[in-house]
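Visitor: File name work18.pdb; file contents PDB, C-alpha atoms (C1' of nucleotides); full text below.
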```pdb
ATOM      1  CA  MET Q  12     -63.749  79.141  42.632
ATOM      2  CA  ASP Q  13     -62.422  82.138  40.816
ATOM      3  CA  GLU Q  14     -61.483  80.177  37.772
ATOM      4  CA  ILE Q  15     -62.029  83.011  35.350
ATOM      5  CA  LYS Q  16     -59.218  85.432  35.983
ATOM      6  CA  ASP Q  17     -59.604  88.993  34.888
ATOM      7  CA  PHE Q  18     -56.546  89.268  32.739
ATOM      8  CA  LYS Q  19     -58.110  92.034  30.678
ATOM      9  CA  ASP Q  20     -58.313  94.351  33.635
ATOM     10  CA  LEU Q  21     -54.908  93.284  34.832
ATOM     11  CA  LEU Q  22     -53.380  94.266  31.517
ATOM     12  CA  LYS Q  23     -55.332  97.480  31.284
ATOM     13  CA  LYS Q  24     -54.231  98.478  34.743
ATOM     14  CA  GLU Q  25     -50.640  98.131  33.650
ATOM     15  CA  ASN Q  26     -51.095 100.093  30.440
ATOM     16  CA  LEU Q  27     -50.500  97.054  28.323
ATOM     17  CA  LYS Q  28     -52.669  96.629  25.291
ATOM     18  CA  CYS Q  29     -55.039  93.757  25.762
ATOM     19  CA  THR Q  30     -54.392  91.257  22.994
ATOM     20  CA  LYS Q  31     -55.459  87.684  22.459
ATOM     21  CA  HIS Q  32     -51.894  86.531  22.800
ATOM     22  CA  ARG Q  33     -51.309  88.259  26.093
ATOM     23  CA  GLU Q  34     -54.486  86.872  27.538
ATOM     24  CA  SER Q  35     -53.681  83.357  26.365
ATOM     25  CA  ILE Q  36     -50.172  83.520  27.738
ATOM     26  CA  LEU Q  37     -51.354  84.683  31.130
ATOM     27  CA  ASP Q  38     -53.948  81.949  31.053
ATOM     28  CA  VAL Q  39     -51.424  79.230  30.245
ATOM     29  CA  ILE Q  40     -49.021  80.311  32.968
ATOM     30  CA  ASP Q  41     -51.806  80.640  35.470
ATOM     31  CA  LYS Q  42     -53.241  77.237  34.717
ATOM     32  CA  ALA Q  43     -49.822  75.609  34.852
ATOM     33  CA  GLY Q  44     -49.676  76.264  38.569
ATOM     34  CA  GLN Q  45     -45.930  75.924  38.610
ATOM     35  CA  PRO Q  46     -43.006  77.724  36.973
ATOM     36  CA  VAL Q  47     -42.934  77.038  33.242
ATOM     37  CA  THR Q  48     -40.394  77.596  30.487
ATOM     38  CA  VAL Q  49     -40.957  79.946  27.595
ATOM     39  CA  GLU Q  50     -40.940  76.981  25.283
ATOM     40  CA  ALA Q  51     -43.566  75.182  27.358
ATOM     41  CA  VAL Q  52     -45.873  78.182  27.099
ATOM     42  CA  TYR Q  53     -45.260  78.336  23.383
ATOM     43  CA  LEU Q  54     -45.966  74.652  22.846
ATOM     44  CA  LYS Q  55     -49.071  74.739  25.003
ATOM     45  CA  LEU Q  56     -50.431  77.569  22.900
ATOM     46  CA  LYS Q  57     -49.691  75.724  19.679
ATOM     47  CA  GLU Q  58     -51.427  72.709  21.142
ATOM     48  CA  GLN Q  59     -54.443  74.918  21.739
ATOM     49  CA  GLY Q  60     -54.356  75.987  18.130
ATOM     50  CA  VAL Q  61     -53.027  79.466  18.807
ATOM     51  CA  ALA Q  62     -50.812  80.734  16.008
ATOM     52  CA  ILE Q  63     -48.041  82.604  17.762
ATOM     53  CA  SER Q  64     -44.356  83.159  17.345
ATOM     54  CA  LEU Q  65     -41.796  82.194  19.929
ATOM     55  CA  SER Q  66     -40.386  85.682  20.035
ATOM     56  CA  THR Q  67     -43.790  87.049  20.900
ATOM     57  CA  VAL Q  68     -43.902  84.769  23.902
ATOM     58  CA  TYR Q  69     -40.524  86.088  24.943
ATOM     59  CA  ARG Q  70     -41.612  89.678  24.468
ATOM     60  CA  VAL Q  71     -44.901  89.292  26.270
ATOM     61  CA  LEU Q  72     -43.243  87.581  29.211
ATOM     62  CA  GLU Q  73     -40.680  90.333  29.317
ATOM     63  CA  ALA Q  74     -43.455  92.923  29.426
ATOM     64  CA  LEU Q  75     -45.375  91.048  32.109
ATOM     65  CA  LEU Q  76     -42.188  90.699  34.113
ATOM     66  CA  GLY Q  77     -41.559  94.425  33.872
ATOM     67  CA  ARG Q  78     -44.978  95.147  35.364
ATOM     68  CA  GLY Q  79     -44.562  92.549  38.044
ATOM     69  CA  LEU Q  80     -47.387  90.382  36.762
ATOM     70  CA  VAL Q  81     -45.081  87.393  36.515
ATOM     71  CA  VAL Q  82     -41.924  86.291  38.268
ATOM     72  CA  LYS Q  83     -38.835  84.873  36.623
ATOM     73  CA  THR Q  84     -36.933  81.984  38.131
ATOM     74  CA  SER Q  85     -34.467  79.320  37.120
ATOM     75  CA  VAL Q  86     -33.028  76.126  38.466
ATOM     76  CA  ASN Q  87     -29.312  75.677  38.573
ATOM     77  CA  ASP Q  88     -29.029  72.598  36.417
ATOM     78  CA  ASP Q  89     -31.089  73.980  33.596
ATOM     79  CA  SER Q  90     -30.269  76.909  31.377
ATOM     80  CA  LYS Q  91     -33.846  77.822  30.596
ATOM     81  CA  ALA Q  92     -35.726  80.580  32.383
ATOM     82  CA  LEU Q  93     -38.931  79.818  34.234
ATOM     83  CA  PHE Q  94     -41.967  82.026  34.673
ATOM     84  CA  GLU Q  95     -44.902  81.937  37.026
ATOM     85  CA  ILE Q  96     -47.730  84.228  38.023
ATOM     86  CA  ASN Q  97     -46.604  86.689  40.671
ATOM     87  CA  SER Q  98     -48.649  85.610  43.641
ATOM     88  CA  MET Q  99     -47.185  88.403  45.770
ATOM     89  CA  GLU Q 100     -46.637  86.027  48.663
ATOM     90  CA  HIS Q 101     -43.087  85.172  49.513
ATOM     91  CA  LYS Q 102     -42.596  81.500  48.833
ATOM     92  CA  HIS Q 103     -40.118  78.999  47.500
ATOM     93  CA  HIS Q 104     -40.211  75.871  45.434
ATOM     94  CA  PHE Q 105     -39.229  72.314  45.860
ATOM     95  CA  LEU Q 106     -38.095  70.582  42.699
ATOM     96  CA  CYS Q 107     -38.539  66.855  42.437
ATOM     97  CA  VAL Q 108     -35.472  65.601  40.622
ATOM     98  CA  LYS Q 109     -37.383  62.561  39.417
ATOM     99  CA  CYS Q 110     -40.679  63.832  38.034
ATOM    100  CA  ARG Q 111     -39.391  67.381  37.632
ATOM    101  CA  LYS Q 112     -42.486  68.890  39.208
ATOM    102  CA  MET Q 113     -41.966  72.095  41.112
ATOM    103  CA  LEU Q 114     -44.035  72.232  44.253
ATOM    104  CA  PRO Q 115     -44.664  75.510  46.022
ATOM    105  CA  VAL Q 116     -43.677  75.708  49.655
ATOM    106  CA  ASP Q 117     -45.403  78.331  51.733
ATOM    107  CA  GLY Q 118     -43.472  80.578  54.000
ATOM    108  CA  CYS Q 119     -39.795  81.152  54.357
ATOM    109  CA  PRO Q 120     -37.330  80.261  57.089
ATOM    110  CA  LEU Q 121     -34.915  83.059  56.380
ATOM    111  CA  GLU Q 122     -36.292  86.185  57.957
ATOM    112  CA  ASP Q 123     -34.655  85.817  61.348
ATOM    113  CA  TYR Q 124     -31.506  84.404  59.868
ATOM    114  CA  GLU Q 125     -31.035  87.364  57.575
ATOM    115  CA  LYS Q 126     -31.633  89.806  60.358
ATOM    116  CA  ALA Q 127     -28.912  88.099  62.363
ATOM    117  CA  LEU Q 128     -26.569  88.138  59.404
ATOM    118  CA  GLU Q 129     -27.130  91.815  58.787
ATOM    119  CA  GLU Q 130     -26.130  92.575  62.334
ATOM    120  CA  LYS Q 131     -23.186  90.236  62.375
ATOM    121  CA  LEU Q 132     -21.671  91.151  59.020
ATOM    122  CA  GLY Q 133     -22.966  94.627  58.333
ATOM    123  CA  PHE Q 134     -24.827  93.658  55.174
ATOM    124  CA  SER Q 135     -28.075  95.125  54.065
ATOM    125  CA  ILE Q 136     -29.892  92.116  52.682
ATOM    126  CA  LYS Q 137     -32.428  92.974  50.016
ATOM    127  CA  GLY Q 138     -33.566  89.534  48.996
ATOM    128  CA  HIS Q 139     -32.651  85.940  48.426
ATOM    129  CA  LYS Q 140     -33.251  82.983  46.246
ATOM    130  CA  LEU Q 141     -33.876  79.601  47.757
ATOM    131  CA  GLU Q 142     -34.536  76.436  45.868
ATOM    132  CA  MET Q 143     -34.750  72.974  47.349
ATOM    133  CA  PHE Q 144     -34.601  69.687  45.545
ATOM    134  CA  GLY Q 145     -35.036  66.000  46.220
ATOM    135  CA  TYR Q 146     -37.839  63.487  45.861
ATOM    136  CA  CYS Q 147     -41.494  64.359  46.190
ATOM    137  CA  ARG Q 148     -43.909  62.234  48.160
ATOM    138  CA  SER Q 149     -45.002  60.146  45.212
ATOM    139  CA  CYS Q 150     -41.554  59.617  43.704
ATOM    140  CA  ARG Q 151     -39.898  58.943  46.997
ATOM    141  CA  TYR Q 152     -40.505  55.236  47.165
ATOM    142  CA  LYS Q 153     -40.566  54.437  43.482
ATOM    143  CA  ASP Q 154     -37.542  52.589  42.183
ATOM    144  CA  GLU Q 155     -35.253  54.222  39.734
TER     145      GLU Q 155
ATOM    146  CA  MET B 191      -0.168  79.798  55.652
ATOM    147  CA  ASP B 192      -0.682  76.979  53.206
ATOM    148  CA  GLU B 193      -0.278  79.154  50.179
ATOM    149  CA  ILE B 194       1.204  76.469  47.987
ATOM    150  CA  LYS B 195      -1.610  74.067  47.265
ATOM    151  CA  ASP B 196      -0.798  70.603  46.083
ATOM    152  CA  PHE B 197      -2.762  70.625  42.892
ATOM    153  CA  LYS B 198      -0.499  67.996  41.365
ATOM    154  CA  ASP B 199      -1.485  65.397  43.906
ATOM    155  CA  LEU B 200      -5.082  66.482  43.752
ATOM    156  CA  LEU B 201      -5.173  65.868  40.015
ATOM    157  CA  LYS B 202      -3.276  62.629  40.241
ATOM    158  CA  LYS B 203      -5.647  61.339  42.869
ATOM    159  CA  GLU B 204      -8.520  61.929  40.479
ATOM    160  CA  ASN B 205      -6.818  60.250  37.543
ATOM    161  CA  LEU B 206      -6.505  63.490  35.670
ATOM    162  CA  LYS B 207      -3.292  64.111  33.843
ATOM    163  CA  CYS B 208      -1.348  66.860  35.488
ATOM    164  CA  THR B 209      -0.826  69.623  32.966
ATOM    165  CA  LYS B 210       0.356  73.185  33.253
ATOM    166  CA  HIS B 211      -3.065  74.440  32.277
ATOM    167  CA  ARG B 212      -4.913  72.440  34.867
ATOM    168  CA  GLU B 213      -2.576  73.556  37.583
ATOM    169  CA  SER B 214      -2.855  77.182  36.562
ATOM    170  CA  ILE B 215      -6.634  77.042  36.389
ATOM    171  CA  LEU B 216      -6.896  75.518  39.843
ATOM    172  CA  ASP B 217      -4.492  78.142  41.070
ATOM    173  CA  VAL B 218      -6.494  81.020  39.608
ATOM    174  CA  ILE B 219      -9.780  79.766  41.027
ATOM    175  CA  ASP B 220      -8.233  79.098  44.379
ATOM    176  CA  LYS B 221      -6.621  82.526  44.608
ATOM    177  CA  ALA B 222      -9.816  84.263  43.534
ATOM    178  CA  GLY B 223     -11.434  83.279  46.808
ATOM    179  CA  GLN B 224     -14.903  83.752  45.384
ATOM    180  CA  PRO B 225     -16.913  82.215  42.553
ATOM    181  CA  VAL B 226     -15.477  83.224  39.188
ATOM    182  CA  THR B 227     -16.706  83.044  35.627
ATOM    183  CA  VAL B 228     -15.020  80.955  32.972
ATOM    184  CA  GLU B 229     -14.123  84.121  31.155
ATOM    185  CA  ALA B 230     -12.543  85.612  34.257
ATOM    186  CA  VAL B 231     -10.331  82.565  34.640
ATOM    187  CA  TYR B 232      -9.406  82.784  30.990
ATOM    188  CA  LEU B 233      -8.556  86.477  31.153
ATOM    189  CA  LYS B 234      -6.561  86.072  34.344
ATOM    190  CA  LEU B 235      -4.469  83.404  32.679
ATOM    191  CA  LYS B 236      -3.868  85.562  29.625
ATOM    192  CA  GLU B 237      -2.866  88.361  31.949
ATOM    193  CA  GLN B 238      -0.326  86.010  33.467
ATOM    194  CA  GLY B 239       1.031  85.275  30.032
ATOM    195  CA  VAL B 240      -0.440  81.793  29.793
ATOM    196  CA  ALA B 241      -1.358  80.862  26.234
ATOM    197  CA  ILE B 242      -4.584  78.947  26.547
ATOM    198  CA  SER B 243      -7.802  78.578  24.646
ATOM    199  CA  LEU B 244     -11.189  79.394  26.091
ATOM    200  CA  SER B 245     -12.526  75.973  25.255
ATOM    201  CA  THR B 246      -9.738  74.398  27.256
ATOM    202  CA  VAL B 247     -10.828  76.379  30.282
ATOM    203  CA  TYR B 248     -14.352  75.093  29.758
ATOM    204  CA  ARG B 249     -13.164  71.536  29.373
ATOM    205  CA  VAL B 250     -10.860  71.621  32.363
ATOM    206  CA  LEU B 251     -13.569  73.120  34.558
ATOM    207  CA  GLU B 252     -15.960  70.461  33.364
ATOM    208  CA  ALA B 253     -13.447  67.780  34.285
ATOM    209  CA  LEU B 254     -12.765  69.318  37.693
ATOM    210  CA  LEU B 255     -16.485  69.587  38.281
ATOM    211  CA  GLY B 256     -16.960  65.934  37.429
ATOM    212  CA  ARG B 257     -14.422  64.944  40.086
ATOM    213  CA  GLY B 258     -15.877  67.301  42.628
ATOM    214  CA  LEU B 259     -12.772  69.470  42.812
ATOM    215  CA  VAL B 260     -14.801  72.546  41.974
ATOM    216  CA  VAL B 261     -18.386  73.604  42.430
ATOM    217  CA  LYS B 262     -20.571  75.276  39.846
ATOM    218  CA  THR B 263     -22.937  78.090  40.751
ATOM    219  CA  SER B 264     -24.811  80.902  39.102
ATOM    220  CA  VAL B 265     -26.666  84.026  40.085
ATOM    221  CA  ASN B 266     -30.139  84.580  38.788
ATOM    222  CA  ASP B 267     -29.593  87.839  36.977
ATOM    223  CA  ASP B 268     -26.543  86.686  35.092
ATOM    224  CA  SER B 269     -26.353  84.016  32.453
ATOM    225  CA  LYS B 270     -22.756  83.055  33.111
ATOM    226  CA  ALA B 271     -21.757  80.070  35.181
ATOM    227  CA  LEU B 272     -19.548  80.532  38.229
ATOM    228  CA  PHE B 273     -16.935  78.178  39.599
ATOM    229  CA  GLU B 274     -15.187  77.931  42.916
ATOM    230  CA  ILE B 275     -12.978  75.451  44.729
ATOM    231  CA  ASN B 276     -15.060  72.792  46.457
ATOM    232  CA  SER B 277     -14.354  73.519  50.075
ATOM    233  CA  MET B 278     -16.532  70.630  51.176
ATOM    234  CA  GLU B 279     -18.147  72.745  53.869
ATOM    235  CA  HIS B 280     -21.736  73.655  53.380
ATOM    236  CA  LYS B 281     -21.954  77.397  52.914
ATOM    237  CA  HIS B 282     -23.739  80.055  50.939
ATOM    238  CA  HIS B 283     -22.868  83.356  49.358
ATOM    239  CA  PHE B 284     -24.002  86.889  49.691
ATOM    240  CA  LEU B 285     -23.817  88.918  46.499
ATOM    241  CA  CYS B 286     -23.368  92.654  46.779
ATOM    242  CA  VAL B 287     -25.476  94.115  44.000
ATOM    243  CA  LYS B 288     -23.295  97.208  43.939
ATOM    244  CA  CYS B 289     -19.685  96.004  43.882
ATOM    245  CA  ARG B 290     -20.638  92.519  42.694
ATOM    246  CA  LYS B 291     -18.415  90.819  45.212
ATOM    247  CA  MET B 292     -19.604  87.471  46.467
ATOM    248  CA  LEU B 293     -18.950  87.020  50.133
ATOM    249  CA  PRO B 294     -19.029  83.573  51.703
ATOM    250  CA  VAL B 295     -21.384  83.074  54.615
ATOM    251  CA  ASP B 296     -20.594  80.258  56.971
ATOM    252  CA  GLY B 297     -23.235  77.862  58.086
ATOM    253  CA  CYS B 298     -26.737  77.318  56.910
ATOM    254  CA  PRO B 299     -30.091  78.004  58.507
ATOM    255  CA  LEU B 300     -31.980  75.337  56.649
ATOM    256  CA  GLU B 301     -31.300  72.055  58.357
ATOM    257  CA  ASP B 302     -34.148  72.162  60.831
ATOM    258  CA  TYR B 303     -36.468  73.745  58.348
ATOM    259  CA  GLU B 304     -35.932  71.016  55.801
ATOM    260  CA  LYS B 305     -36.449  68.339  58.369
ATOM    261  CA  ALA B 306     -39.782  69.905  59.266
ATOM    262  CA  LEU B 307     -40.745  70.184  55.616
ATOM    263  CA  GLU B 308     -39.913  66.552  54.964
ATOM    264  CA  GLU B 309     -42.223  65.502  57.728
ATOM    265  CA  LYS B 310     -44.982  67.881  56.798
ATOM    266  CA  LEU B 311     -45.008  67.295  53.050
ATOM    267  CA  GLY B 312     -43.486  63.876  52.646
ATOM    268  CA  PHE B 313     -40.534  65.078  50.601
ATOM    269  CA  SER B 314     -37.087  63.641  50.754
ATOM    270  CA  ILE B 315     -34.927  66.728  50.478
ATOM    271  CA  LYS B 316     -31.525  66.070  48.983
ATOM    272  CA  GLY B 317     -30.149  69.577  48.813
ATOM    273  CA  HIS B 318     -30.811  73.218  48.225
ATOM    274  CA  LYS B 319     -29.442  76.351  46.736
ATOM    275  CA  LEU B 320     -29.546  79.580  48.655
ATOM    276  CA  GLU B 321     -28.235  82.862  47.483
ATOM    277  CA  MET B 322     -28.699  86.191  49.210
ATOM    278  CA  PHE B 323     -28.164  89.635  47.808
ATOM    279  CA  GLY B 324     -28.110  93.235  48.910
ATOM    280  CA  TYR B 325     -25.429  95.706  49.927
ATOM    281  CA  CYS B 326     -22.200  94.740  51.600
ATOM    282  CA  ARG B 327     -20.819  96.648  54.552
ATOM    283  CA  SER B 328     -18.676  98.982  52.467
ATOM    284  CA  CYS B 329     -21.240  99.692  49.772
ATOM    285  CA  ARG B 330     -24.088 100.106  52.170
ATOM    286  CA  TYR B 331     -23.678 103.785  52.880
ATOM    287  CA  LYS B 332     -22.179 104.902  49.608
ATOM    288  CA  ASP B 333     -24.442 106.911  47.367
ATOM    289  CA  GLU B 334     -25.529 105.552  44.067
TER     290      GLU B 334
ATOM    291  C1'  DA F 277     -54.673 107.975  13.165
ATOM    292  C1'  DT F 278     -51.480 106.750  16.276
ATOM    293  C1'  DT F 279     -49.197 103.729  19.037
ATOM    294  C1'  DC F 280     -47.870  99.599  20.242
ATOM    295  C1'  DA F 281     -47.885  94.304  19.287
ATOM    296  C1'  DT F 282     -46.393  90.744  16.250
ATOM    297  C1'  DG F 283     -43.935  87.525  12.799
ATOM    298  C1'  DC F 284     -39.909  86.434  10.641
ATOM    299  C1'  DA F 285     -35.259  85.792  10.246
ATOM    300  C1'  DA F 286     -30.968  87.200  11.554
ATOM    301  C1'  DA F 287     -27.884  88.258  15.372
ATOM    302  C1'  DC F 288     -26.224  87.413  19.883
ATOM    303  C1'  DG F 289     -23.551  85.362  23.910
ATOM    304  C1'  DG F 290     -22.296  81.641  26.627
ATOM    305  C1'  DT F 291     -21.183  77.002  26.023
ATOM    306  C1'  DT F 292     -20.145  72.597  23.491
ATOM    307  C1'  DT F 293     -18.052  69.762  20.025
ATOM    308  C1'  DG F 294     -15.290  67.517  15.897
ATOM    309  C1'  DC F 295     -11.041  67.078  14.364
ATOM    310  C1'  DA F 296      -6.137  67.211  13.951
ATOM    311  C1'  DC F 297      -2.129  67.868  16.599
ATOM    312  C1'  DG F 298       0.714  67.760  20.971
ATOM    313  C1'  DC F 299       2.056  66.440  25.450
ATOM    314  C1'  DA F 300       2.023  63.559  29.964
ATOM    315  C1'  DT F 301       2.483  59.028  31.305
TER     316       DT F 301
ATOM    317  C1'  DA M 168       3.790  54.287  22.188
ATOM    318  C1'  DT M 169      -0.561  55.263  23.866
ATOM    319  C1'  DG M 170      -4.168  57.828  25.414
ATOM    320  C1'  DC M 171      -5.583  61.838  27.026
ATOM    321  C1'  DG M 172      -5.248  67.138  26.661
ATOM    322  C1'  DT M 173      -5.470  71.120  23.686
ATOM    323  C1'  DG M 174      -6.337  74.764  19.945
ATOM    324  C1'  DC M 175      -9.155  76.227  16.464
ATOM    325  C1'  DA M 176     -13.301  77.033  14.277
ATOM    326  C1'  DA M 177     -17.777  75.717  13.649
ATOM    327  C1'  DA M 178     -22.038  74.290  15.770
ATOM    328  C1'  DC M 179     -25.328  74.826  19.376
ATOM    329  C1'  DC M 180     -29.210  76.653  22.075
ATOM    330  C1'  DG M 181     -31.742  79.888  24.648
ATOM    331  C1'  DT M 182     -32.674  84.500  24.037
ATOM    332  C1'  DT M 183     -32.793  89.212  21.825
ATOM    333  C1'  DT M 184     -33.433  92.421  18.115
ATOM    334  C1'  DG M 185     -34.406  95.103  13.463
ATOM    335  C1'  DC M 186     -37.683  95.753  10.430
ATOM    336  C1'  DA M 187     -41.938  95.672   8.054
ATOM    337  C1'  DT M 188     -46.799  94.489   8.870
ATOM    338  C1'  DG M 189     -51.036  94.248  11.686
ATOM    339  C1'  DA M 190     -54.074  95.126  15.385
ATOM    340  C1'  DA M 191     -55.851  97.795  19.724
ATOM    341  C1'  DT M 192     -56.896 102.227  21.357
TER     342       DT M 192
END
```
Would you mind giving the structure from this file in structure tokens?
Guide:
Amino acid sequence: MDEIKDFKDLLKKENLKCTKHRESILDVIDKAGQPVTVEAVYLKLKEQGVAISLSTVYRVLEALLGRGLVVKTSVNDDSKALFEINSMEHKHHFLCVKCRKMLPVDGCPLEDYEKALEEKLGFSIKGHKLEMFGYCRSCRYKDE
Amino acid sequence: MDEIKDFKDLLKKENLKCTKHRESILDVIDKAGQPVTVEAVYLKLKEQGVAISLSTVYRVLEALLGRGLVVKTSVNDDSKALFEINSMEHKHHFLCVKCRKMLPVDGCPLEDYEKALEEKLGFSIKGHKLEMFGYCRSCRYKDE
DNA sequence: ATTCATGCAAACGGTTTGCACGCAT
DNA sequence: ATGCGTGCAAACCGTTTGCATGAAT
């Protein structure tokens, strides 16, 4: 329902100048609905007729990351960084190794486990990164 | 107790020619006891007086990886790849963000969770990557 | 008017590769 | 003797940066 996101205010709140590029980038990432590469953002913008330089995309994402507006991820078999809107809810992703879609998975099974580990091993666990992979529902029964 | 590993046989079994370099590299990784960077392996060898080229380390690790003798990892905030001996047991690591040691953690809390997810979302989960970070026991109470 | 954002091209750092030579089998 | 392993240097690719210009406040 809230299709028109208030990126202007979001940027203003973070003391970032509100430029066309920054708005478009936020829009592209938001609409993607899954973690996207810098290049993907760049190409999408080009496709939309936006004249922008790749380094600007890098710099804007860096700035957004610094203010916590986006989150940076990566998958182990790929060297490229991934970005997504910071939804503020703790969640993980499932990567389909066939269609390469990344599907969000709500919740997290690690809270209790980490608490137990902290007690057992004396760690102070500050965070974790969990990424699952396999076949999604629609790719599962397709042949190779 | 089994300090002398039989890397020769290991290599032979995988149809890899048994060279000094390959033995030394396996030895260095094995002795490290935690995931190590390519550069670290290279420097350790130099330190031991082994004349080797960095690209050879890369190529050997690639070969070992292909035969499953080693496992490749990475941590999200670092761009370098990490390698460790493939112990064949499913385990994860805890990275201390202060001393940068990676401590192995036996077991895995995800089996049941993944089973539940598969049923709920129709995925076929083939694997996962979990990495935890925070402060280890000895760094925990040290001041910054 | 000032500050910060941007484009361009060059630099960077980890990794890969082509080629000629050398060693294990 | 053959094929695979290695060293060297150059290429590669994602990312970062210096500098001069342009736009938002």
Visitor: Up to 8 Å from (-34.3, 84.6, 24.2) in the file's coordinates: name the residues, counting all atoms listed in the file, as a list in words.
Guide: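 Returned residue set, sorted by chain then number, is Ser66 and Tyr69 of chain Q; DG181, DT182 and DT183 of chain M.
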Visitor: Would you write out, as a list in words, every residue that the PyMOL selection byres ((chain B) within 10 of (chain F)) captures in this file?
Guide: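 Taken over the shown coordinates, the PyMOL selection byres ((chain B) within 10 of (chain F)) returns Lys207, Cys208, Thr209, Val228, Glu229, Ser245, Tyr248, Arg249, Ser269, Lys270 and Ala271 of chain B.
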Visitor: Calculate how many Å separate atom CA of Arg212 of chain B from atom CA of Met278 of chain B, rounding to one decimal.
Guide: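 Between these atoms lies a distance of 20.1 Å.
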Visitor: Identify all residues satisfying the PyMOL selection byres ((chain M) within 12 of (chain B)) in the given file; provide them as a PyMOL selection string.
Guide: chain M and resi 170-176+181-182
Visitor: Write a file of the just-selected residues containing C-alpha atoms (C1' of nucleotides), as a JSON list (two decimals), keeping the file's coordinate frame.
Guide:
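File written: again_23.json
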```
[["chain", "number", "residue", "atom", "x", "y", "z"],
["M", 170, "DG", "C1'", -4.17, 57.83, 25.41],
["M", 171, "DC", "C1'", -5.58, 61.84, 27.03],
["M", 172, "DG", "C1'", -5.25, 67.14, 26.66],
["M", 173, "DT", "C1'", -5.47, 71.12, 23.69],
["M", 174, "DG", "C1'", -6.34, 74.76, 19.94],
["M", 175, "DC", "C1'", -9.15, 76.23, 16.46],
["M", 176, "DA", "C1'", -13.30, 77.03, 14.28],
["M", 181, "DG", "C1'", -31.74, 79.89, 24.65],
["M", 182, "DT", "C1'", -32.67, 84.50, 24.04]]
```
Visitor: Could you give me, as a tab-separated table, a per-residue list for chain B showing, wherever an atom lies at most 8 Å from an atom of chain Q, the closest pair of atoms and their distance in Å to one decimal, using only C-alpha atoms and sorting by chain then residue number from low to high?
Guide:
```
residue	atom	partner	partner_atom	distance
B:Thr263	CA	Q:Asn87	CA	7.2
B:Ser264	CA	Q:Asn87	CA	6.9
B:Asn266	CA	Q:Ser85	CA	7.0
B:Pro299	CA	Q:Tyr124	CA	6.7
B:Leu300	CA	Q:Pro120	CA	7.3
B:Tyr303	CA	Q:Pro120	CA	6.7
B:Leu311	CA	Q:Arg148	CA	7.1
B:Gly312	CA	Q:Arg148	CA	4.8
B:Phe313	CA	Q:Cys147	CA	4.6
B:Ser314	CA	Q:Tyr146	CA	5.0
B:Ile315	CA	Q:Gly145	CA	4.3
B:Lys316	CA	Q:Gly145	CA	4.5
B:Gly317	CA	Q:Phe144	CA	5.5
B:His318	CA	Q:Met143	CA	4.0
B:Lys319	CA	Q:Glu142	CA	5.2
B:Leu320	CA	Q:Leu141	CA	4.4
B:Glu321	CA	Q:Lys140	CA	5.2
B:Met322	CA	Q:His139	CA	4.0
B:Phe323	CA	Q:Gly138	CA	5.5
B:Gly324	CA	Q:Ile136	CA	4.3
B:Tyr325	CA	Q:Ser135	CA	4.9
B:Cys326	CA	Q:Phe134	CA	4.6
B:Arg327	CA	Q:Gly133	CA	4.8
B:Arg330	CA	Q:Ser135	CA	6.7
```
Visitor: What is the distance between atom CA of Leu21 of chain Q and atom CA of Tyr53 of chain Q, in Å to one decimal?
Guide: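 Atom CA of Tyr53 of chain Q lies at a distance of 21.2 Å from atom CA of Leu21 of chain Q.
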Visitor: Calculate how many Å separate atom CA of Asp217 of chain B from atom CA of Leu233 of chain B, rounding to one decimal.
Guide: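 Between atom CA of Asp217 of chain B and atom CA of Leu233 of chain B the gap works out to 13.6 Å.
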Visitor: Please give the centre and size of the box around segment 297-304 of chain B (axis-aligned, containing every atom listed in the file, 6 Å added per side), with values in Å to one decimal and written as AutoDock Vina command-line options.
Guide:
```
--center_x -29.9 --center_y 74.5 --center_z 58.3 --size_x 25.2 --size_y 19.0 --size_z 17.0
```
Visitor: As a check of understanding, name the residues that the PyMOL selection byres ((chain B and resi 294) around 9) selects in the supplied structure, as a PyMOL selection string.
Guide: chain B and resi 224+281-285+292-293+295-296
